[in-house]
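Working notes for the structure below.
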2 protein chains.
Amino acid sequence: MSIKSTNIHWHEGNLTRDERWKALGVKGCTLWFTGLSASGKSTIASALEQVLVNEGTHSYRLDGDNIRFGLNSNLGFSAEDRAENIRRIGEVCKLFCDNGSVTIASFISPYTADRDNVRKIHEDAGLAFFEVFADTPIEVCEERDPKGLYKKARAGEIKGFTGIDDPYEAPEKAELHLKPAEHELDECVKQCLEFLEAKGFLTAKAGA
Amino acid sequence: MSIKSTNIHWHEGNLTRDERWKALGVKGCTLWFTGLSASGKSTIASALEQVLVNEGTHSYRLDGDNIRFGLNSNLGFSAEDRAENIRRIGEVCKLFCDNGSVTIASFISPYTADRDNVRKIHEDAGLAFFEVFADTPIEVCEERDPKGLYKKARAGEIKGFTGIDDPYEAPEKAELHLKPAEHELDECVKQCLEFLEAKGFLTAKAGA
């Protein structure tokens with residue numbers, strides 16, 4: 001793009017979502033991964049993002065790494081702060097979705113009410129929201145325990161740990177139900193891709 | 001993209017920013033518009049976004065419309081809430097920037113400390129941040145007064161209004177200094193485009 005050759009023109013009012021998506025060849029939705037700590041949700045989410053982006057579908061992933069130390073660095077772990085944590089993430093997902101990204105959120109998000117609130121934020125904005133349940137039994141998660149968090153929770157060193165002394169409310173209407181303890185990682189990623197393809201959210205050009 | 005023809009492969013760890021930007025042909029930065037109410041900053045920002053997107057450069061705009069009623073709906077106008085408002089917006093800009101969008105923020109953002117904080121958030125993440133000063137004299141803004149806000153502020157119906165009974169700290173190191181009262185809208189947009197081109201952030205393919 002060269003300024004010299006550019007016709008600088010625009011219309012009154014703001015760019016609409018349809019105009020944006022059409023001009024850029026993108027189509028946004030949110031895939032909201034929920035599951036216990038060590039359920040495998042972030043591993044699947046990370047691999048999915050890589051495949052999507054490398055194939056040319058715009059995708060962006062939100063998880064603890066880029067949220068807890070930034071946007072939500074001023075939140076703790078009280079009930080109120082946990083709800084606000086998910087609410088803010090939901091609002092940011094809505095923006096990325098509107099932007100045309102296949103937005104992938106990966107958070108334990110143990111409470112149905114919080115997840116339903118994020119769903120409503122999307123639906124009110126006319127955007128597609130899909131819940132993805134990484135359904136790994138707690139025994140498996142605790143056996144894996146890559147960060148030693150379950151051990152600390154059992155020892156009482158961490159309070160309010162999901163699945164130990166705080167509830168995990170499993171989704172009852174997840175659009176995608178993954179079983180990471182029974183299927184290999186690539187099978188789980190494939191299920192996500194097939195779901196997105198069926199819903200029409202793989203926007204990379206054919207043959208790309 | 002068809003699942004059947006897709007080689008599903010990925011590497012350990014997360015997609016890096018370089019991989020993402022290269023795969024998608026994008027390059028992110030943040031253009032932070034600051035200026036008085038009715039200075040013209042949002043009009044320029046909106047037109048700029050339209051031109052960029054229609055030419056194929058990924059761009060996303062954050063302004064009061066999509067932030068105040070969403071992410072920051074639980075913030076008021078106390079000094080603390082105003083700072084938090086800008087901080088959260090800055091963090092979201094950082095994410096869009098990382099995503100590879102030419103991110104356009106348009107907020108009065110009257111305090112130097114808040115704007116400098118957003119700059120630091122970007123610089124600490126290795127991302128480009130540019131301050132764009134919509135430098136319209138307050139007399140002109142007050143004369144325009146499209147929403148009747150200056151009138152209300154003068155009448156004491158709005159307290160703490162920037163430029164009337166709350167200070168506007170003009171940027172001293174803005175990368176781009178626009179004079180919307182002296183230049184037509186298309187000239188201001190062109191200055192922004194030329195700036196972005198000179199810095200290498202127009203990523204639409206040549207001839208597109």
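Chain labels follow the order of the structure tokens: the first chain is A, the next B, and so on; residue numbering restarts at 1 in every chain, and ligands are counted from 1 in their shown order.
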
Worksheet item: Taking the backbone alone, and naming residues the way the document does, which bits of region 15-179 of chain A are helix (DSSP H, G or I) by DSSP, as a PyMOL selection string?
Response: chain A and resi 17-24+41-55+64-71+79-99+112-124+138-144+149-154

Discussion item. Give me the residues near region 29-38 of chain A as a PyMOL selection string, where near means some atom within 6 Å (using only C-alpha atoms) and where sequence neighbours in that chain fewer than 5 positions away do not count.
Written reply: chain A and resi 97+102-109+128-134+141

Generate the output file for the selected residues, N, CA, C and O atoms, as a PDB file, in the first residue's frame.
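Final output, saved to selection23.pdb:
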```
ATOM      1  N   CYS A  97     -13.267 -10.732  19.049  1.00  0.00           N
ATOM      2  CA  CYS A  97     -14.281 -11.372  18.214  1.00  0.00           C
ATOM      3  C   CYS A  97     -14.808 -10.367  17.176  1.00  0.00           C
ATOM      4  O   CYS A  97     -14.860 -10.664  15.978  1.00  0.00           O
ATOM      5  N   VAL A 102     -10.655 -15.495  15.525  1.00  0.00           N
ATOM      6  CA  VAL A 102     -11.109 -16.675  16.263  1.00  0.00           C
ATOM      7  C   VAL A 102     -10.408 -16.565  17.615  1.00  0.00           C
ATOM      8  O   VAL A 102      -9.207 -16.789  17.733  1.00  0.00           O
ATOM      9  N   THR A 103     -11.168 -16.136  18.596  1.00  0.00           N
ATOM     10  CA  THR A 103     -10.608 -15.780  19.894  1.00  0.00           C
ATOM     11  C   THR A 103     -10.678 -16.988  20.817  1.00  0.00           C
ATOM     12  O   THR A 103     -11.740 -17.605  20.963  1.00  0.00           O
ATOM     13  N   ILE A 104      -9.539 -17.351  21.371  1.00  0.00           N
ATOM     14  CA  ILE A 104      -9.459 -18.559  22.187  1.00  0.00           C
ATOM     15  C   ILE A 104      -9.139 -18.152  23.616  1.00  0.00           C
ATOM     16  O   ILE A 104      -8.071 -17.590  23.878  1.00  0.00           O
ATOM     17  N   ALA A 105     -10.064 -18.410  24.516  1.00  0.00           N
ATOM     18  CA  ALA A 105      -9.826 -18.093  25.928  1.00  0.00           C
ATOM     19  C   ALA A 105      -9.621 -19.386  26.677  1.00  0.00           C
ATOM     20  O   ALA A 105     -10.327 -20.368  26.442  1.00  0.00           O
ATOM     21  N   SER A 106      -8.637 -19.405  27.548  1.00  0.00           N
ATOM     22  CA  SER A 106      -8.355 -20.626  28.301  1.00  0.00           C
ATOM     23  C   SER A 106      -8.174 -20.283  29.776  1.00  0.00           C
ATOM     24  O   SER A 106      -7.104 -19.826  30.191  1.00  0.00           O
ATOM     25  N   PHE A 107      -9.233 -20.486  30.523  1.00  0.00           N
ATOM     26  CA  PHE A 107      -9.239 -20.178  31.957  1.00  0.00           C
ATOM     27  C   PHE A 107     -10.061 -21.254  32.664  1.00  0.00           C
ATOM     28  O   PHE A 107     -11.042 -21.755  32.099  1.00  0.00           O
ATOM     29  N   ILE A 108      -9.687 -21.577  33.884  1.00  0.00           N
ATOM     30  CA  ILE A 108     -10.451 -22.586  34.634  1.00  0.00           C
ATOM     31  C   ILE A 108     -11.926 -22.206  34.633  1.00  0.00           C
ATOM     32  O   ILE A 108     -12.780 -23.025  34.375  1.00  0.00           O
ATOM     33  N   SER A 109     -12.219 -20.949  34.909  1.00  0.00           N
ATOM     34  CA  SER A 109     -13.592 -20.408  34.923  1.00  0.00           C
ATOM     35  C   SER A 109     -14.592 -21.421  35.456  1.00  0.00           C
ATOM     36  O   SER A 109     -15.424 -21.942  34.714  1.00  0.00           O
ATOM     37  N   ALA A 128     -20.667 -14.879  18.034  1.00  0.00           N
ATOM     38  CA  ALA A 128     -20.754 -16.311  18.342  1.00  0.00           C
ATOM     39  C   ALA A 128     -19.833 -16.690  19.489  1.00  0.00           C
ATOM     40  O   ALA A 128     -18.641 -16.369  19.484  1.00  0.00           O
ATOM     41  N   PHE A 129     -20.402 -17.391  20.455  1.00  0.00           N
ATOM     42  CA  PHE A 129     -19.657 -17.851  21.631  1.00  0.00           C
ATOM     43  C   PHE A 129     -19.831 -19.359  21.766  1.00  0.00           C
ATOM     44  O   PHE A 129     -20.952 -19.862  21.757  1.00  0.00           O
ATOM     45  N   PHE A 130     -18.716 -20.064  21.891  1.00  0.00           N
ATOM     46  CA  PHE A 130     -18.777 -21.519  22.030  1.00  0.00           C
ATOM     47  C   PHE A 130     -17.982 -21.959  23.259  1.00  0.00           C
ATOM     48  O   PHE A 130     -16.818 -21.593  23.406  1.00  0.00           O
ATOM     49  N   GLU A 131     -18.641 -22.734  24.093  1.00  0.00           N
ATOM     50  CA  GLU A 131     -17.975 -23.236  25.295  1.00  0.00           C
ATOM     51  C   GLU A 131     -17.304 -24.567  24.946  1.00  0.00           C
ATOM     52  O   GLU A 131     -17.928 -25.442  24.328  1.00  0.00           O
ATOM     53  N   VAL A 132     -16.057 -24.707  25.334  1.00  0.00           N
ATOM     54  CA  VAL A 132     -15.312 -25.938  25.075  1.00  0.00           C
ATOM     55  C   VAL A 132     -14.908 -26.526  26.425  1.00  0.00           C
ATOM     56  O   VAL A 132     -14.123 -25.928  27.164  1.00  0.00           O
ATOM     57  N   PHE A 133     -15.444 -27.674  26.727  1.00  0.00           N
ATOM     58  CA  PHE A 133     -15.210 -28.292  28.031  1.00  0.00           C
ATOM     59  C   PHE A 133     -14.054 -29.288  27.924  1.00  0.00           C
ATOM     60  O   PHE A 133     -14.153 -30.294  27.230  1.00  0.00           O
ATOM     61  N   ALA A 134     -12.952 -28.965  28.598  1.00  0.00           N
ATOM     62  CA  ALA A 134     -11.834 -29.909  28.683  1.00  0.00           C
ATOM     63  C   ALA A 134     -12.126 -30.810  29.876  1.00  0.00           C
ATOM     64  O   ALA A 134     -11.769 -30.510  31.014  1.00  0.00           O
ATOM     65  N   CYS A 141      -5.951 -35.088  36.613  1.00  0.00           N
ATOM     66  CA  CYS A 141      -5.328 -33.762  36.772  1.00  0.00           C
ATOM     67  C   CYS A 141      -4.386 -33.769  37.975  1.00  0.00           C
ATOM     68  O   CYS A 141      -3.267 -33.245  37.922  1.00  0.00           O
TER      69      CYS A 141
END
```

Fill in: Sel. of strand (DSSP E or B) residues, region 20-130 of chain A, as a PyMOL selection string
chain A and resi 29-34+59-63+102-106+129-130

Suppose we keep all heavy atoms; can you now write the selection as a short mmCIF file (atom, residue, chain, number, x, y, z; two decimals), in the first residue's frame?
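Done, and the output landed in result-v7.cif:
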```cif
data_model
loop_
_atom_site.label_atom_id
_atom_site.label_comp_id
_atom_site.auth_asym_id
_atom_site.auth_seq_id
_atom_site.Cartn_x
_atom_site.Cartn_y
_atom_site.Cartn_z
N CYS A 29 -15.16 -15.33 16.27
CA CYS A 29 -15.99 -16.05 17.24
C CYS A 29 -15.12 -16.27 18.47
O CYS A 29 -13.92 -16.02 18.44
CB CYS A 29 -16.47 -17.40 16.69
SG CYS A 29 -15.16 -18.61 16.45
N THR A 30 -15.73 -16.69 19.55
CA THR A 30 -14.95 -17.00 20.75
C THR A 30 -15.11 -18.46 21.11
O THR A 30 -16.22 -18.98 21.19
CB THR A 30 -15.38 -16.10 21.92
OG1 THR A 30 -14.93 -14.76 21.69
CG2 THR A 30 -14.78 -16.58 23.24
N LEU A 31 -13.97 -19.12 21.29
CA LEU A 31 -13.95 -20.48 21.84
C LEU A 31 -13.50 -20.35 23.28
O LEU A 31 -12.36 -19.96 23.55
CB LEU A 31 -12.93 -21.35 21.10
CG LEU A 31 -13.24 -21.87 19.70
CD1 LEU A 31 -12.16 -22.88 19.30
CD2 LEU A 31 -14.61 -22.52 19.62
N TRP A 32 -14.38 -20.66 24.19
CA TRP A 32 -14.07 -20.48 25.62
C TRP A 32 -13.76 -21.84 26.25
O TRP A 32 -14.66 -22.64 26.51
CB TRP A 32 -15.26 -19.83 26.33
CG TRP A 32 -14.96 -19.49 27.75
CD1 TRP A 32 -15.04 -20.34 28.82
CD2 TRP A 32 -14.51 -18.24 28.27
NE1 TRP A 32 -14.67 -19.68 29.97
CE2 TRP A 32 -14.34 -18.39 29.66
CE3 TRP A 32 -14.24 -16.99 27.69
CZ2 TRP A 32 -13.91 -17.35 30.48
CZ3 TRP A 32 -13.81 -15.96 28.51
CH2 TRP A 32 -13.66 -16.13 29.88
N PHE A 33 -12.48 -22.09 26.47
CA PHE A 33 -12.07 -23.35 27.10
C PHE A 33 -12.24 -23.24 28.62
O PHE A 33 -11.76 -22.29 29.23
CB PHE A 33 -10.59 -23.65 26.80
CG PHE A 33 -10.35 -24.18 25.42
CD1 PHE A 33 -10.39 -23.33 24.32
CD2 PHE A 33 -10.04 -25.51 25.22
CE1 PHE A 33 -10.16 -23.82 23.04
CE2 PHE A 33 -9.81 -26.01 23.95
CZ PHE A 33 -9.86 -25.17 22.86
N THR A 34 -12.89 -24.23 29.19
CA THR A 34 -13.02 -24.30 30.64
C THR A 34 -12.66 -25.71 31.09
O THR A 34 -12.88 -26.69 30.36
CB THR A 34 -14.46 -23.94 31.09
OG1 THR A 34 -14.57 -24.17 32.50
CG2 THR A 34 -15.51 -24.74 30.35
N SER A 59 -6.34 -15.61 14.56
CA SER A 59 -6.74 -16.17 15.85
C SER A 59 -5.89 -15.54 16.93
O SER A 59 -4.71 -15.20 16.70
CB SER A 59 -6.53 -17.70 15.82
OG SER A 59 -6.82 -18.27 17.07
N TYR A 60 -6.46 -15.35 18.10
CA TYR A 60 -5.69 -14.80 19.21
C TYR A 60 -6.13 -15.49 20.49
O TYR A 60 -7.32 -15.74 20.70
CB TYR A 60 -5.88 -13.29 19.33
CG TYR A 60 -4.84 -12.64 20.22
CD1 TYR A 60 -3.51 -12.54 19.81
CD2 TYR A 60 -5.17 -12.14 21.48
CE1 TYR A 60 -2.55 -11.96 20.62
CE2 TYR A 60 -4.21 -11.55 22.30
CZ TYR A 60 -2.90 -11.47 21.86
OH TYR A 60 -1.94 -10.89 22.66
N ARG A 61 -5.16 -15.79 21.32
CA ARG A 61 -5.44 -16.55 22.53
C ARG A 61 -5.24 -15.70 23.78
O ARG A 61 -4.23 -15.00 23.91
CB ARG A 61 -4.51 -17.79 22.58
CG ARG A 61 -4.82 -18.79 23.68
CD ARG A 61 -4.02 -20.06 23.45
NE ARG A 61 -2.62 -19.73 23.24
CZ ARG A 61 -1.73 -19.60 24.22
NH1 ARG A 61 -2.08 -19.82 25.47
NH2 ARG A 61 -0.48 -19.29 23.95
N LEU A 62 -6.18 -15.77 24.66
CA LEU A 62 -6.06 -15.10 25.95
C LEU A 62 -5.95 -16.18 27.02
O LEU A 62 -6.73 -17.12 27.03
CB LEU A 62 -7.31 -14.25 26.23
CG LEU A 62 -7.59 -13.14 25.21
CD1 LEU A 62 -8.95 -12.52 25.50
CD2 LEU A 62 -6.51 -12.07 25.25
N ASP A 63 -4.95 -16.02 27.87
CA ASP A 63 -4.84 -16.95 28.99
C ASP A 63 -4.17 -16.25 30.16
O ASP A 63 -3.92 -15.04 30.11
CB ASP A 63 -4.08 -18.21 28.58
CG ASP A 63 -2.61 -17.94 28.32
OD1 ASP A 63 -2.15 -16.80 28.53
OD2 ASP A 63 -1.91 -18.87 27.88
N VAL A 102 -10.65 -15.50 15.52
CA VAL A 102 -11.11 -16.67 16.26
C VAL A 102 -10.41 -16.57 17.61
O VAL A 102 -9.21 -16.79 17.73
CB VAL A 102 -10.73 -17.99 15.55
CG1 VAL A 102 -11.06 -19.18 16.43
CG2 VAL A 102 -11.47 -18.09 14.22
N THR A 103 -11.17 -16.14 18.60
CA THR A 103 -10.61 -15.78 19.89
C THR A 103 -10.68 -16.99 20.82
O THR A 103 -11.74 -17.61 20.96
CB THR A 103 -11.41 -14.61 20.48
OG1 THR A 103 -11.51 -13.59 19.49
CG2 THR A 103 -10.75 -14.05 21.72
N ILE A 104 -9.54 -17.35 21.37
CA ILE A 104 -9.46 -18.56 22.19
C ILE A 104 -9.14 -18.15 23.62
O ILE A 104 -8.07 -17.59 23.88
CB ILE A 104 -8.35 -19.50 21.65
CG1 ILE A 104 -8.61 -19.86 20.18
CG2 ILE A 104 -8.25 -20.75 22.52
CD1 ILE A 104 -7.45 -20.61 19.52
N ALA A 105 -10.06 -18.41 24.52
CA ALA A 105 -9.83 -18.09 25.93
C ALA A 105 -9.62 -19.39 26.68
O ALA A 105 -10.33 -20.37 26.44
CB ALA A 105 -11.02 -17.34 26.50
N SER A 106 -8.64 -19.41 27.55
CA SER A 106 -8.35 -20.63 28.30
C SER A 106 -8.17 -20.28 29.78
O SER A 106 -7.10 -19.83 30.19
CB SER A 106 -7.09 -21.28 27.72
OG SER A 106 -6.72 -22.38 28.51
N PHE A 129 -20.40 -17.39 20.46
CA PHE A 129 -19.66 -17.85 21.63
C PHE A 129 -19.83 -19.36 21.77
O PHE A 129 -20.95 -19.86 21.76
CB PHE A 129 -20.21 -17.15 22.88
CG PHE A 129 -19.61 -17.64 24.17
CD1 PHE A 129 -18.42 -17.10 24.65
CD2 PHE A 129 -20.23 -18.63 24.92
CE1 PHE A 129 -17.87 -17.55 25.85
CE2 PHE A 129 -19.68 -19.10 26.11
CZ PHE A 129 -18.50 -18.54 26.58
N PHE A 130 -18.72 -20.06 21.89
CA PHE A 130 -18.78 -21.52 22.03
C PHE A 130 -17.98 -21.96 23.26
O PHE A 130 -16.82 -21.59 23.41
CB PHE A 130 -18.18 -22.20 20.79
CG PHE A 130 -18.81 -21.75 19.48
CD1 PHE A 130 -18.03 -21.09 18.53
CD2 PHE A 130 -20.15 -21.95 19.22
CE1 PHE A 130 -18.58 -20.66 17.32
CE2 PHE A 130 -20.72 -21.53 18.02
CZ PHE A 130 -19.94 -20.88 17.07
#
```

Worksheet item: For chain B, which residues have at least one atom within 8 Å of chain A, if we go by only C-alpha atoms? Write them as a PyMOL selection string, please.
Response: chain B and resi 1-3+8-11+13-15+20+23-24+46-47+49-51+53-58+60+66+70-71+87-88+91-92+95-96+99+186+190+193-194+197+202-208

Practice prompt. Fewer than 4 positions away in the same chain doesn't count, so skip those; otherwise give me all residues within 9 Å of Leu75 (chain B), counting only C-alpha atoms, as number ranges by chain.
Written response: B: 68, 81-82, 84-85

Expected file: the selected residues, N, CA and C atoms, as an mmCIF file, in the first residue's frame:
```
data_model
loop_
_atom_site.group_PDB
_atom_site.id
_atom_site.type_symbol
_atom_site.label_atom_id
_atom_site.label_comp_id
_atom_site.auth_asym_id
_atom_site.auth_seq_id
_atom_site.Cartn_x
_atom_site.Cartn_y
_atom_site.Cartn_z
ATOM 1 N N ARG B 68 -16.493 2.055 27.307
ATOM 2 C CA ARG B 68 -17.202 2.548 28.496
ATOM 3 C C ARG B 68 -18.421 1.704 28.849
ATOM 4 N N ASP B 81 -10.648 6.089 39.297
ATOM 5 C CA ASP B 81 -11.320 5.369 38.205
ATOM 6 C C ASP B 81 -10.853 5.855 36.838
ATOM 7 N N ARG B 82 -10.570 7.136 36.735
ATOM 8 C CA ARG B 82 -10.066 7.647 35.451
ATOM 9 C C ARG B 82 -8.714 7.040 35.106
ATOM 10 N N GLU B 84 -7.608 4.156 36.197
ATOM 11 C CA GLU B 84 -7.851 2.731 35.912
ATOM 12 C C GLU B 84 -8.465 2.548 34.521
ATOM 13 N N ASN B 85 -9.315 3.479 34.143
ATOM 14 C CA ASN B 85 -9.905 3.459 32.800
ATOM 15 C C ASN B 85 -8.814 3.437 31.731
#
```

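With CA of Gly156 (chain A) on one side and CA of Thr136 (chain A) on the other, the separation reads 22.9 Å.
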
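Of the listed residues A:Cys93, A:Val118, A:Leu178, A:Ala170, the one whose atoms come nearest to Lys41 (chain A) is A:Leu178, with distances taken using only C-alpha atoms.
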
Worksheet item: Quick one: distance from CA of His122 (chain A) to CA of Phe195 (chain A) in Å, one decimal?
Response: 18.6 Å

Worksheet entry | Atom pair CA of Ala155 (chain B) / CA of Glu142 (chain B): separation (Å) | 13.0 Å
